[in-house]
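Participant: Starting off with a structure, shown below.
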Amino acid sequence: MSALPNPAAGPTAGRATGPARRALRGVLPPLLLLAAWQAASTGGLADPRLLPPLERVAAAAWTQLTAGNLRDSLLRDLGGFALGASAGLGLGLLLGLSPLAGRLLRPSFDALKGIAVFAWIPLIAIWFGFGEASKLAFIALAAFTPVVLNVDEGVRGVPAPLREVAAALAWTPWQRLTRLVLPAALPSILTGLQLGLIHAWLATVGAEYFLAKGSGLGGVLIEGRDRFDMAQVLLGVLLLGGVGYALNRLADLAARRLTRWRTA
Amino acid sequence: MSAPGDVAARGRVELRGVGKRFRVDGRELTVLDGIDLVIEPGEFVTILGASGCGKSTLLRLLAGLEHPDAGEVRHDGRAIAGTGLERGLVFQEPRLFPWLTVAENVAAALLNAPLDADAKRRAVAGHIAMVGLGGFERAYPHQLSGGMAQRVAIARGLVNRPGLLLLDEPFGALDAFTREQLQDELRALQAREGFTTVLVTHDVEEALYLGDRVVVMSPRPGRIRAVIAVPLGQPRDRADELLGRLHHAARAALRDTLPLAA
């Protein structure tokens with residue numbers, strides 16, 4: 001009788017392949033693309049100087065990763081994001097919570113957000129110099145705007161009927177903030193943080209590319225361009241895409257865990 | 001302050017010359033005018049009227065969510081200055097916090113109650129059981145049916161053992177079967193616990209079936225048109241002959257309140 005299989009394991013295990021198989025389908029196009037790339041460069045369809053074979057990209061990856069360029073970019077990204085997102089949370093909460101602050105500052109902020117973030121580069125370079133500070137400032141600015149917008153919107157979007165319940169339950173202002181406003185705004189706040197994270201990553205390579213030359217993936221791209229080393233350029237592009245995708249997935253997972261009440 | 005047992009001794013409501021105006025599109029609109037009403041402790045009063053007659057505003061004044069422009073509203077002798085835990089409030093929609101479980105939603109009403117953590121836990125469990133939702137403590141609102149969610153709202157309204165329970169068309173959004181079931185449950189609960197109850201409705205049958213007295217209101221401005229006593233005990237038979245006769249009286253009073261254009 002100990003050899004009897006667990007009847008519950010069968011269908012559960014069978015169902016588990018469903019989402020996994022669906023996830024695999026998403027991986028298929030990039031894999032096919034890589035295979036086509038490899039076939040084109042080894043089969044002589046493309047000039048290997050313009051489209052180098054994958055093993056040369058992999059070799060470049062080894063040199064660049066050991067040189068710490070990916071790590072430097074990630075640290076810069078997260079540092080700038082942390083600065084910009086904290087400031088954005090602060091201003092977003094202020095705009096959303098204080099009607100006076102909202103009326104005073106929202107029009108100016110709406111005007112400022114219409115300026116493309118790259119337009120700030122000359123000013124930032126002059127104000128913060130050509131060192132690490134200006135890169136962090138640029139990344140922080142990129143993360144700042146979507147966080148402010150979404151936090152402000154989330155805080156102002158707390159349903160009036162629930163505000164009345166909080167009033168009927170005689171909650172204190174602090175209880176209303178922590179138990180009503182923040183939980184109600186949380187999905188919107190998380191959206192803002194996720195967008196901020198994406199913008200910060202785009203800004204990281206922008207800062208590395210357009211501001212001072214130095215370590216990081218932006219530097220990898222510049223160096224590859226200057227030496228006409230397409231393996232290195234393609235590696236830079238692949239890493240940017242991969243990291244961006246990974247950051248977004250992580251943010252997605254974190255957001256889903258934090259708002260489990262929506263689907264639990 | 002809220003020991004069980006003394007509930008029936010509290011819950012007296014007095015409205016004296018109460019008036020309320022709102023500004024709508026720059027024009028003053030009188031919503032309530034000259035409302036005089038005394039509700040005795042333990043009484044179940046239903047307020048019946050067409051939409052726009054100010055019955056919900058009247059309930060919001062009792063809850064402390066609005067303030068009268070004229071006259072005074074008193075609960076147990078004290079003028080109502082704002083919301084308070086001595087009054088429980090149930091809205092037409094359950095209005096549960098979607099990020100809290102059933103138990104947490106009920107406990108949300110006890111945040112500022114003068115009870116220790118253990119007493120709060122017992123009160124929450126007791127009131128969830130009282131509305132028949134034992135076993136659903138850890139469910140989230142979106143997992144509940146409309147009737148279950150409204151039961152949670154009733155448990156939340158009662159968990160502080162208020163002397164006065166206020167309900168604003170609480171069963172209006174439910175299907176007929178669930179509505180009758182919840183009406184019976186609320187009436188049984190009220191008979192057992194003895195809290196004063198004011199329930200606003202536009203449903204004549206509901207008003208008569210539940211109320212010891214039915215206050216019929218007329219619109220624009222909201223005034224009390226008639227007060228119909230229902231001299232029947234609980235539980236009641238929905239097919240009771242007296243209810244049928246009172247139904248005609250209530251409908252007549254209600255019809256008189258409607259402007260000819262409507």
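Following the order of the structure tokens, chains are lettered A, B, ..., residues in each are numbered from 1, and ligands are numbered from 1.
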Quick one: contact table of chain B to chain A, 7 Å max, nearest atom pair and distance in Å to one decimal per residue, counting only C-alpha atoms, chain and number order, as CSV?
Facilitator:
```
residue,atom,partner,partner_atom,distance
B:Thr83,CA,A:Ala168,CA,5.3
B:Gly84,CA,A:Ala170,CA,5.7
B:Leu85,CA,A:Leu169,CA,6.3
B:Leu89,CA,A:Ala168,CA,6.9
B:Arg95,CA,A:Leu162,CA,6.2
B:Pro98,CA,A:Trp261,CA,6.9
B:Trp99,CA,A:Trp261,CA,5.1
B:Ala109,CA,A:Leu169,CA,5.3
B:Tyr140,CA,A:Trp261,CA,6.5
```
Participant: For the residues selected in the previous step, produce a file with C-alpha atoms as an mmCIF file, in the first residue's frame.
Facilitator:
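This is the output file result-v3.cif:
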```
data_model
loop_
_atom_site.group_PDB
_atom_site.id
_atom_site.type_symbol
_atom_site.label_atom_id
_atom_site.label_comp_id
_atom_site.auth_asym_id
_atom_site.auth_seq_id
_atom_site.Cartn_x
_atom_site.Cartn_y
_atom_site.Cartn_z
ATOM 1 C CA THR B 83 -18.690 60.576 13.602
ATOM 2 C CA GLY B 84 -18.159 58.272 16.569
ATOM 3 C CA LEU B 85 -17.922 54.638 17.527
ATOM 4 C CA LEU B 89 -23.043 52.804 9.968
ATOM 5 C CA ARG B 95 -17.599 49.460 1.210
ATOM 6 C CA PRO B 98 -10.366 45.365 -0.622
ATOM 7 C CA TRP B 99 -6.820 44.858 0.725
ATOM 8 C CA ALA B 109 -13.785 49.396 13.269
ATOM 9 C CA TYR B 140 -10.773 38.820 0.758
#
```
Participant: If you count only C-alpha atoms, which residues fall within 9 Å of Leu133 of chain B, apart from same-chain ones fewer than 2 positions away, as a PyMOL selection string?
Facilitator: chain B and resi 102+127-131+135-137+148+151-152
Participant: For Glu66 of chain B, list every protein, DNA or RNA residue within 8 Å, evaluated using only C-alpha atoms, and leave out those in the same chain fewer than 5 positions away; present the list as a PyMOL selection string.
Facilitator: chain B and resi 57+60-61+82
Participant: Distance atom CA of Pro221 of chain B-atom CA of Phe91 of chain B, one decimal place?
Facilitator: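 So the two atoms, atom CA of Pro221 of chain B and atom CA of Phe91 of chain B, lie 23.1 Å apart.
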Participant: When distances are computed from only C-alpha atoms, which of B:Gly11, B:Gly49, B:Gly194, B:Gly163 shows the smallest separation from Ala207 of chain B?
Facilitator: B:Gly49
Participant: Quick check for you: according to DSSP on this backbone, which residues of segment 37-216 of chain B are classed as strand (DSSP E or B)? Reply as number ranges by chain.
Facilitator: B: 37-39, 44-48, 70-75, 78-79, 87-90, 164-168, 196-201, 213-216
Participant: For Ala60 of chain A, which residue among A:Gly26, A:Gly236, A:Pro19, A:Pro48 is the nearest when counting only C-alpha atoms?
Facilitator: A:Gly236
Participant: From the list B:Leu96, B:Ala252, B:Ala107, B:Val45, which residue is nearest Lys120 of chain B when using only C-alpha atoms?
Facilitator: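 The shortest atom-to-atom distance to Lys120 of chain B comes from B:Ala107.
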Participant: Write out as a PyMOL selection string the residues lying within 7 Å of segment 171-180 of chain B, counting only C-alpha atoms and excluding same-chain residues fewer than 4 positions away.
Facilitator: chain B and resi 92+146-147+184
Participant: Print the selection's residues with all heavy atoms to a file, as a PDB file, in the first residue's frame.
Facilitator:
```pdb
ATOM      1  N   GLN B  92     -25.197  51.459   1.420  1.00  0.00           N
ATOM      2  CA  GLN B  92     -25.861  50.618   0.427  1.00  0.00           C
ATOM      3  C   GLN B  92     -24.896  49.593  -0.159  1.00  0.00           C
ATOM      4  O   GLN B  92     -25.236  48.439  -0.354  1.00  0.00           O
ATOM      5  CB  GLN B  92     -26.443  51.476  -0.691  1.00  0.00           C
ATOM      6  CG  GLN B  92     -27.083  50.615  -1.778  1.00  0.00           C
ATOM      7  CD  GLN B  92     -27.917  51.399  -2.758  1.00  0.00           C
ATOM      8  OE1 GLN B  92     -27.933  52.627  -2.741  1.00  0.00           O
ATOM      9  NE2 GLN B  92     -28.634  50.691  -3.601  1.00  0.00           N
ATOM     10  N   GLY B 146     -22.292  39.332  -2.967  1.00  0.00           N
ATOM     11  CA  GLY B 146     -22.814  40.611  -2.490  1.00  0.00           C
ATOM     12  C   GLY B 146     -23.441  40.506  -1.108  1.00  0.00           C
ATOM     13  O   GLY B 146     -23.238  41.366  -0.252  1.00  0.00           O
ATOM     14  N   GLY B 147     -24.210  39.435  -0.896  1.00  0.00           N
ATOM     15  CA  GLY B 147     -24.860  39.247   0.395  1.00  0.00           C
ATOM     16  C   GLY B 147     -23.855  39.017   1.513  1.00  0.00           C
ATOM     17  O   GLY B 147     -23.994  39.553   2.613  1.00  0.00           O
ATOM     18  N   ASP B 184     -34.501  39.345   7.573  1.00  0.00           N
ATOM     19  CA  ASP B 184     -34.860  38.505   8.721  1.00  0.00           C
ATOM     20  C   ASP B 184     -33.716  38.432   9.723  1.00  0.00           C
ATOM     21  O   ASP B 184     -33.918  38.502  10.932  1.00  0.00           O
ATOM     22  CB  ASP B 184     -35.242  37.098   8.251  1.00  0.00           C
ATOM     23  CG  ASP B 184     -36.574  37.098   7.511  1.00  0.00           C
ATOM     24  OD1 ASP B 184     -37.357  38.048   7.722  1.00  0.00           O
ATOM     25  OD2 ASP B 184     -36.829  36.165   6.730  1.00  0.00           O
TER      26      ASP B 184
END
```
Participant: Could you name the residues that touch segment 141-155 of chain A at 7 Å or less, counting only C-alpha atoms, but leaving out those on the same chain fewer than 3 positions away, as a PyMOL selection string?
Facilitator: chain A and resi 81+84-85+87-89+91-93+95-97+113+117+137-138+158+181+185+188-189+191-193+195-197+199-200+203
Participant: Atom CA of Phe97 of chain B and atom CA of His75 of chain B are how many Å apart?
Facilitator: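 Taking atom CA of Phe97 of chain B as the start and atom CA of His75 of chain B as the end point, the length is 28.0 Å.
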Participant: Which of segment 33-249 of chain A end up as alpha helix (DSSP H) when DSSP is run on this backbone - answer as JSON, numbers by chain?
Facilitator: {"A": [33, 34, 35, 36, 37, 38, 39, 40, 41, 42, 54, 55, 56, 57, 58, 59, 60, 61, 62, 63, 64, 65, 66, 69, 70, 71, 72, 73, 74, 75, 76, 77, 78, 79, 80, 81, 82, 83, 84, 85, 86, 87, 88, 89, 90, 91, 92, 93, 94, 95, 96, 97, 99, 100, 101, 102, 103, 104, 105, 106, 107, 108, 109, 110, 111, 112, 113, 121, 122, 123, 124, 125, 126, 127, 128, 132, 133, 134, 135, 136, 137, 138, 139, 140, 141, 142, 143, 144, 145, 146, 147, 148, 149, 150, 151, 152, 153, 154, 155, 156, 160, 161, 162, 163, 164, 165, 166, 167, 168, 173, 174, 175, 176, 182, 183, 184, 185, 186, 187, 188, 189, 190, 191, 192, 193, 194, 195, 196, 197, 198, 199, 200, 201, 202, 203, 204, 205, 206, 207, 208, 209, 210, 217, 218, 219, 220, 221, 222, 223, 224, 225, 226, 230, 231, 232, 233, 234, 235, 236, 237, 238, 239, 240, 241, 242, 243, 244, 245, 246, 247, 248, 249]}
Participant: Please indicate the distance in Å from atom CA of His248 of chain B to atom CA of Arg236 of chain B, rounded to one decimal place.
Facilitator: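 Separation of atom CA of His248 of chain B and atom CA of Arg236 of chain B: 17.9 Å.
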Participant: Of the residues B:Leu164, B:Leu58, B:Leu48, B:Val73, which is the one nearest to Leu15 of chain B, using only C-alpha atoms?
Facilitator: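 Selected residue with least distance to Leu15 of chain B: B:Val73.
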Participant: Please provide as a count of residues only all residues within 7 Å of Cys53 of chain B, with the sequence filter that same-chain residues fewer than 6 positions apart are discarded (counting only C-alpha atoms).
Facilitator: 5
